[in-house]
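Shown next: start.txt, given as compact mmCIF, C-alpha atoms and all ligand atoms.
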# COMPACT_ATOMS: atom_id res chain seq x y z
CA MET A 13 -1.32 49.17 -8.58
CA ASN A 14 1.71 47.06 -7.67
CA ASP A 15 3.81 47.03 -4.49
CA ASN A 16 6.10 49.79 -5.77
CA HIS A 17 3.08 52.09 -6.04
CA LYS A 18 3.44 52.14 -9.82
CA THR A 19 0.25 51.70 -11.78
CA TYR A 20 -0.53 49.59 -14.79
CA LEU A 21 -3.64 48.12 -16.30
CA VAL A 22 -3.90 45.23 -18.73
CA LEU A 23 -6.83 45.93 -21.02
CA PRO A 24 -9.40 43.25 -21.76
CA HIS A 25 -10.65 42.46 -25.28
CA TYR A 26 -7.28 42.80 -27.04
CA ASP A 27 -5.92 39.24 -26.84
CA ALA A 28 -3.38 37.72 -29.25
CA GLY A 29 -1.98 41.14 -30.16
CA LEU A 30 -4.49 41.47 -32.97
CA LEU A 31 -5.65 45.06 -33.42
CA SER A 32 -7.84 46.54 -36.14
CA PRO A 33 -7.42 50.20 -37.16
CA ASP A 34 -10.62 51.02 -35.24
CA GLU A 35 -9.25 49.35 -32.11
CA LEU A 36 -5.96 51.26 -32.44
CA GLU A 37 -7.95 54.49 -32.64
CA GLN A 38 -10.01 53.49 -29.59
CA LEU A 39 -6.82 52.76 -27.62
CA ALA A 40 -5.26 56.06 -28.64
CA GLY A 41 -8.47 57.85 -27.59
CA LEU A 42 -8.42 56.21 -24.17
CA ALA A 43 -4.70 56.96 -23.71
CA ARG A 44 -5.32 60.64 -24.50
CA LYS A 45 -8.50 60.87 -22.41
CA TYR A 46 -6.77 59.52 -19.28
CA ASP A 47 -3.35 61.06 -19.98
CA ILE A 48 -1.59 57.66 -20.01
CA PRO A 49 2.23 58.11 -20.06
CA LYS A 50 3.04 54.84 -21.87
CA THR A 51 1.30 51.99 -23.65
CA LYS A 52 2.87 48.54 -23.93
CA ILE A 53 2.24 45.34 -25.85
CA THR A 54 2.91 42.79 -23.10
CA GLY A 55 4.78 39.50 -23.36
CA ALA A 56 1.36 37.83 -23.31
CA GLN A 57 0.34 39.76 -26.47
CA ARG A 58 -2.06 41.99 -24.57
CA VAL A 59 -2.18 45.78 -24.28
CA ALA A 60 -1.24 47.52 -21.02
CA PHE A 61 -1.47 51.17 -19.98
CA LEU A 62 1.43 52.12 -17.71
CA GLY A 63 2.04 54.80 -15.12
CA MET A 64 -1.35 56.50 -14.70
CA GLY A 65 -2.50 57.91 -11.37
CA PRO A 66 -4.87 56.02 -9.04
CA GLU A 67 -7.89 58.12 -10.09
CA ALA A 68 -7.31 57.41 -13.77
CA LEU A 69 -6.80 53.73 -12.96
CA GLU A 70 -10.16 53.47 -11.19
CA ALA A 71 -11.96 55.49 -13.88
CA LEU A 72 -10.52 53.27 -16.62
CA LYS A 73 -11.52 50.09 -14.79
CA ALA A 74 -15.05 51.43 -14.48
CA GLU A 75 -15.25 52.58 -18.11
CA LEU A 76 -13.89 49.27 -19.43
CA GLN A 77 -15.96 47.22 -16.93
CA ILE A 78 -12.93 45.20 -15.84
CA PRO A 79 -14.00 42.44 -13.40
CA GLU A 80 -12.24 42.23 -10.04
CA THR A 81 -11.83 38.42 -10.23
CA PRO A 82 -9.19 37.04 -12.61
CA PRO A 83 -10.33 34.84 -15.54
CA HIS A 84 -9.16 31.52 -14.01
CA ALA A 85 -11.40 32.19 -11.00
CA ARG A 86 -14.29 32.56 -13.44
CA SER A 87 -13.94 29.15 -15.17
CA ARG A 88 -11.85 30.59 -18.03
CA VAL A 89 -8.24 30.31 -19.15
CA HIS A 90 -6.05 33.21 -18.02
CA TYR A 91 -4.94 34.30 -21.49
CA VAL A 92 -4.49 32.98 -24.99
CA GLN A 93 -1.46 33.80 -27.13
CA ALA A 94 -1.78 32.99 -30.81
CA CYS A 95 0.53 33.64 -33.77
CA PRO A 96 -0.66 34.88 -37.21
CA GLY A 97 -1.02 31.22 -38.28
CA SER A 98 -2.05 30.03 -41.73
CA THR A 99 -4.16 33.14 -42.37
CA TRP A 100 -1.25 35.58 -42.29
CA CYS A 101 2.04 33.62 -42.19
CA ARG A 102 3.49 31.64 -45.09
CA TYR A 103 4.81 28.93 -42.76
CA GLY A 104 1.48 28.34 -41.04
CA HIS A 105 -0.12 24.90 -41.27
CA GLN A 106 -3.16 25.71 -39.10
CA ASP A 107 -5.27 28.76 -38.27
CA ALA A 108 -3.93 29.70 -34.82
CA LEU A 109 -6.04 32.85 -34.46
CA ALA A 110 -9.33 31.05 -35.15
CA LEU A 111 -8.51 28.28 -32.69
CA GLY A 112 -7.45 30.91 -30.15
CA GLU A 113 -10.91 32.50 -30.31
CA ARG A 114 -12.51 29.13 -29.61
CA ILE A 115 -10.17 28.25 -26.72
CA LYS A 116 -10.75 31.67 -25.17
CA ALA A 117 -14.51 31.04 -25.21
CA ILE A 118 -14.36 27.66 -23.43
CA GLU A 119 -16.59 27.53 -20.32
CA LEU A 120 -15.26 24.99 -17.81
CA ASP A 121 -16.99 23.03 -15.04
CA GLY A 122 -15.72 25.49 -12.44
CA PRO A 123 -12.85 27.79 -11.41
CA LEU A 124 -9.34 26.57 -12.28
CA PRO A 125 -6.88 25.81 -9.45
CA ALA A 126 -4.36 28.33 -10.83
CA LYS A 127 -3.54 30.42 -13.88
CA VAL A 128 -3.71 28.61 -17.20
CA LYS A 129 -1.81 30.24 -20.05
CA VAL A 130 -2.37 29.05 -23.61
CA GLY A 131 0.14 29.30 -26.47
CA ILE A 132 -1.07 28.50 -30.00
CA SER A 133 1.45 28.38 -32.85
CA GLY A 134 0.48 27.79 -36.46
CA CYS A 135 3.54 25.61 -37.20
CA ARG A 136 6.46 23.80 -35.57
CA PHE A 137 8.53 27.00 -35.37
CA CYS A 138 6.42 27.62 -32.26
CA CYS A 139 6.60 31.42 -32.17
CA CYS A 140 4.14 31.33 -29.23
CA GLU A 141 6.42 28.96 -27.26
CA SER A 142 3.67 26.37 -27.04
CA TRP A 143 5.80 23.76 -25.24
CA MET A 144 6.30 26.24 -22.38
CA ARG A 145 2.62 27.02 -21.81
CA ASP A 146 0.11 25.23 -19.57
CA VAL A 147 -1.85 24.46 -22.73
CA GLY A 148 0.33 24.28 -25.85
CA LEU A 149 -1.00 23.83 -29.36
CA ALA A 150 1.19 23.73 -32.47
CA GLY A 151 -0.04 23.29 -36.04
CA GLU A 152 1.31 20.50 -38.23
CA SER A 153 0.25 19.37 -41.70
CA LYS A 154 -1.83 16.56 -40.17
CA GLY A 155 -3.48 18.73 -37.49
CA TRP A 156 -2.81 20.14 -34.02
CA ARG A 157 -0.27 18.80 -31.55
CA PHE A 158 -1.45 19.34 -27.95
CA SER A 159 0.84 19.48 -24.92
CA PHE A 160 -0.06 20.15 -21.27
CA GLY A 161 1.92 21.18 -18.21
CA GLY A 162 4.51 23.53 -19.68
CA ASN A 163 5.86 26.52 -17.77
CA ALA A 164 8.39 29.27 -18.51
CA ALA A 165 8.77 30.71 -15.01
CA GLY A 166 11.21 30.09 -12.13
CA ARG A 167 11.02 26.30 -12.47
CA PRO A 168 10.64 25.91 -16.23
CA ARG A 169 9.10 22.77 -17.66
CA ILE A 170 8.38 21.45 -21.14
CA GLY A 171 4.78 20.29 -21.47
CA ASP A 172 3.85 16.62 -21.93
CA LEU A 173 2.59 15.57 -25.34
CA VAL A 174 -1.06 14.56 -24.99
CA ALA A 175 -2.13 13.99 -28.61
CA GLU A 176 -1.30 14.84 -32.23
CA GLY A 177 -3.16 15.12 -35.51
CA LEU A 178 -6.19 16.86 -33.99
CA SER A 179 -8.79 18.79 -35.97
CA ASP A 180 -9.98 22.14 -34.59
CA ASP A 181 -13.06 20.49 -33.06
CA GLU A 182 -11.00 17.66 -31.56
CA ALA A 183 -8.49 20.14 -30.12
CA VAL A 184 -11.23 22.21 -28.43
CA THR A 185 -12.87 19.06 -27.02
CA LEU A 186 -9.59 17.63 -25.70
CA VAL A 187 -8.42 20.91 -24.16
CA THR A 188 -11.81 21.22 -22.42
CA LYS A 189 -11.63 17.64 -21.08
CA THR A 190 -8.03 18.14 -19.93
CA LEU A 191 -8.78 21.38 -18.10
CA ASN A 192 -11.85 19.88 -16.43
CA TYR A 193 -9.74 16.90 -15.29
CA TYR A 194 -7.10 19.31 -13.98
CA LEU A 195 -9.60 21.49 -12.10
CA HIS A 196 -11.32 18.47 -10.52
CA THR A 197 -8.02 16.76 -9.52
CA ALA A 198 -5.34 19.36 -8.73
CA ARG A 199 -4.78 21.08 -5.42
CA PHE A 200 -5.74 24.77 -5.15
CA LYS A 201 -2.94 27.00 -6.54
CA SER A 202 -1.13 24.03 -8.17
CA ARG A 203 0.01 25.14 -11.64
CA SER A 204 -0.28 22.54 -14.39
CA ALA A 205 3.50 21.94 -14.45
CA ARG A 206 3.60 20.87 -10.79
CA PHE A 207 0.35 18.93 -11.23
CA MET A 208 1.82 16.94 -14.13
CA GLU A 209 4.99 16.21 -12.16
CA ARG A 210 2.83 14.61 -9.46
CA PHE A 211 0.20 12.82 -11.55
CA GLY A 212 2.10 12.06 -14.78
CA ILE A 213 1.10 11.97 -18.41
CA GLU A 214 -0.26 8.40 -18.36
CA ALA A 215 -2.86 9.26 -15.70
CA LEU A 216 -3.92 12.26 -17.75
CA LYS A 217 -4.19 10.23 -20.96
CA ASP A 218 -6.22 7.54 -19.17
CA ALA A 219 -8.64 10.23 -18.00
CA VAL A 220 -9.09 12.24 -21.21
CA LEU A 221 -8.35 10.00 -24.22
CA GLY A 222 -10.63 7.35 -25.59
S1 LIG B 1 4.65 29.70 -35.45
FE1 LIG B 1 4.84 29.32 -37.64
S2 LIG B 1 2.89 30.08 -38.47
FE2 LIG B 1 3.15 31.01 -36.47
S3 LIG B 1 4.16 32.99 -36.84
FE3 LIG B 1 5.74 31.47 -36.33
S4 LIG B 1 6.44 30.75 -38.33
FE4 LIG B 1 4.44 31.72 -38.67

For this file, write the structure as structure tokens.
Amino acid sequence: MNDNHKTYLVLPHYDAGLLSPDELEQLAGLARKYDIPKTKITGAQRVAFLGMGPEALEALKAELQIPETPPHARSRVHYVQACPGSTWCRYGHQDALALGERIKAIELDGPLPAKVKVGISGCRFCCCESWMRDVGLAGESKGWRFSFGGNAAGRPRIGDLVAEGLSDDEAVTLVTKTLNYYLHTARFKSRSARFMERFGIEALKDAVLG
């Protein structure tokens, strides 16, 4: 429930806006069971139920086993956005959805200092706004381009280019090393954009490349 006493709940397990017919039926069943007034696909490509009463909110959280601690406090990235990529889009150079599944599953050395949002685009059109995400990945013909420290909020920032031409395995390894460096070095609550302004791209490259 937010400060205006309006309720909403972002549902787990539906990242990247990818929904099978069975999942759509499951969502519709939940919405009917709990009399949810509105369902929304969020800007982060997740599914939210809006406007239910407090009892329905608590019952839904229990039924869906939603943890009280946010993902970044549990050594995970906050959310992963991914476009249809080479599997479903004719412009795609790389499989954004497959890489998204792997990034989502990364287990880090410990809790992150702050939210980490990931944007994975299958080509340079960057439909997932990769440059403006903490972790940005964009597919090119020679592999993935990886940027770190982007932000689209009140003080927007374009991420710093860390590396290009990465395979899927190399991208997962480098993102993991970068996030571990960030969590071991940054102050608590320091988003990656502010962290990169203080430490700079060369310090990051020294720590994670080579
Ligand atoms: S970023 Fe490229 S591959 Fe992804 S949806 Fe947009 S045009 Fe298609």

Just want the residues within 9 Å of ligand LIG 1 (chain B), written as a PyMOL selection string, counting only C-alpha atoms and all ligand atoms.
chain A and resi 94-108+132-141+150-151

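Ranking A:Lys52, A:Arg58, A:Arg88, A:Lys45 by their shortest atom-to-atom distance to Glu119 of chain A, with all atoms listed in the file included, puts A:Arg88 first.
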
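Of the residues listed (A:Arg114, A:Arg210, A:Lys154, A:Arg203), A:Arg203 shows the shortest atom-to-atom separation from Lys129 of chain A; distances use all atoms listed in the file.
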
Leaving out segment 189-198 of chain A and any residue of its chain fewer than 2 positions from it, which residues lie within 7 Å of it when counting all atoms listed in the file, given as a JSON list (two decimals) with C-alpha atoms, keeping the file's coordinate frame?
[["chain", "number", "residue", "atom", "x", "y", "z"],
["A", 120, "LEU", "CA", -15.26, 24.99, -17.81],
["A", 121, "ASP", "CA", -16.99, 23.03, -15.04],
["A", 124, "LEU", "CA", -9.34, 26.57, -12.28],
["A", 125, "PRO", "CA", -6.88, 25.81, -9.45],
["A", 185, "THR", "CA", -12.87, 19.06, -27.02],
["A", 186, "LEU", "CA", -9.59, 17.63, -25.70],
["A", 187, "VAL", "CA", -8.42, 20.91, -24.16],
["A", 200, "PHE", "CA", -5.74, 24.77, -5.15],
["A", 202, "SER", "CA", -1.13, 24.03, -8.17],
["A", 207, "PHE", "CA", 0.35, 18.93, -11.23],
["A", 220, "VAL", "CA", -9.09, 12.24, -21.21]]

Centre and edge lengths, as JSON, for the axis-aligned box enclosing every listed atom of segment 166-176 of chain A with 4 Å of padding on each of the six sides, in Å to one decimal?
{"center_x": 4.5, "center_y": 22.0, "center_z": -22.2, "size_x": 21.3, "size_y": 24.1, "size_z": 28.1}

So the first atom is atom CA of Ser159 of chain A and the second is atom CA of Arg86 of chain A; what is the distance between them in Å, to one decimal place?
23.1 Å

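Across the model, the gap from atom CA of Arg199 of chain A to atom CA of Thr54 of chain A is 29.0 Å.
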
Compile a residue-level contact table for segment 50-150 of chain A against segment 165-170 of chain A at a cut-off of 10 Å, reporting for every qualifying residue the shortest atom pair and its distance in Å to one decimal, with only C-alpha atoms counted, rows ordered by chain and ascending number, as a tab-separated table.
residue	atom	partner	partner_atom	distance
A:Glu141	CA	A:Ile170	CA	9.9
A:Ser142	CA	A:Ile170	CA	9.0
A:Trp143	CA	A:Ile170	CA	5.4
A:Met144	CA	A:Ile170	CA	5.4
A:Arg145	CA	A:Ile170	CA	8.0
A:Asp146	CA	A:Ile170	CA	9.2
A:Gly148	CA	A:Ile170	CA	9.7

Keeping only C-alpha atoms, write the selected residues as a short mmCIF file (atom, residue, chain, number, x, y, z; two decimals), in the frame of the given file.
data_model
loop_
_atom_site.label_atom_id
_atom_site.label_comp_id
_atom_site.auth_asym_id
_atom_site.auth_seq_id
_atom_site.Cartn_x
_atom_site.Cartn_y
_atom_site.Cartn_z
CA GLU A 141 6.42 28.96 -27.26
CA SER A 142 3.67 26.37 -27.04
CA TRP A 143 5.80 23.76 -25.24
CA MET A 144 6.30 26.24 -22.38
CA ARG A 145 2.62 27.02 -21.81
CA ASP A 146 0.11 25.23 -19.57
CA GLY A 148 0.33 24.28 -25.85
#

Let me make sure I understand: among A:Gly222, A:Pro66, A:Pro33, A:Gly122, which one has the smallest atom-to-atom distance to Val89 of chain A if we use only C-alpha atoms?
A:Gly122

In Å to one decimal, how far is atom CA of Lys116 of chain A from atom CA of Glu37 of chain A?
24.2 Å
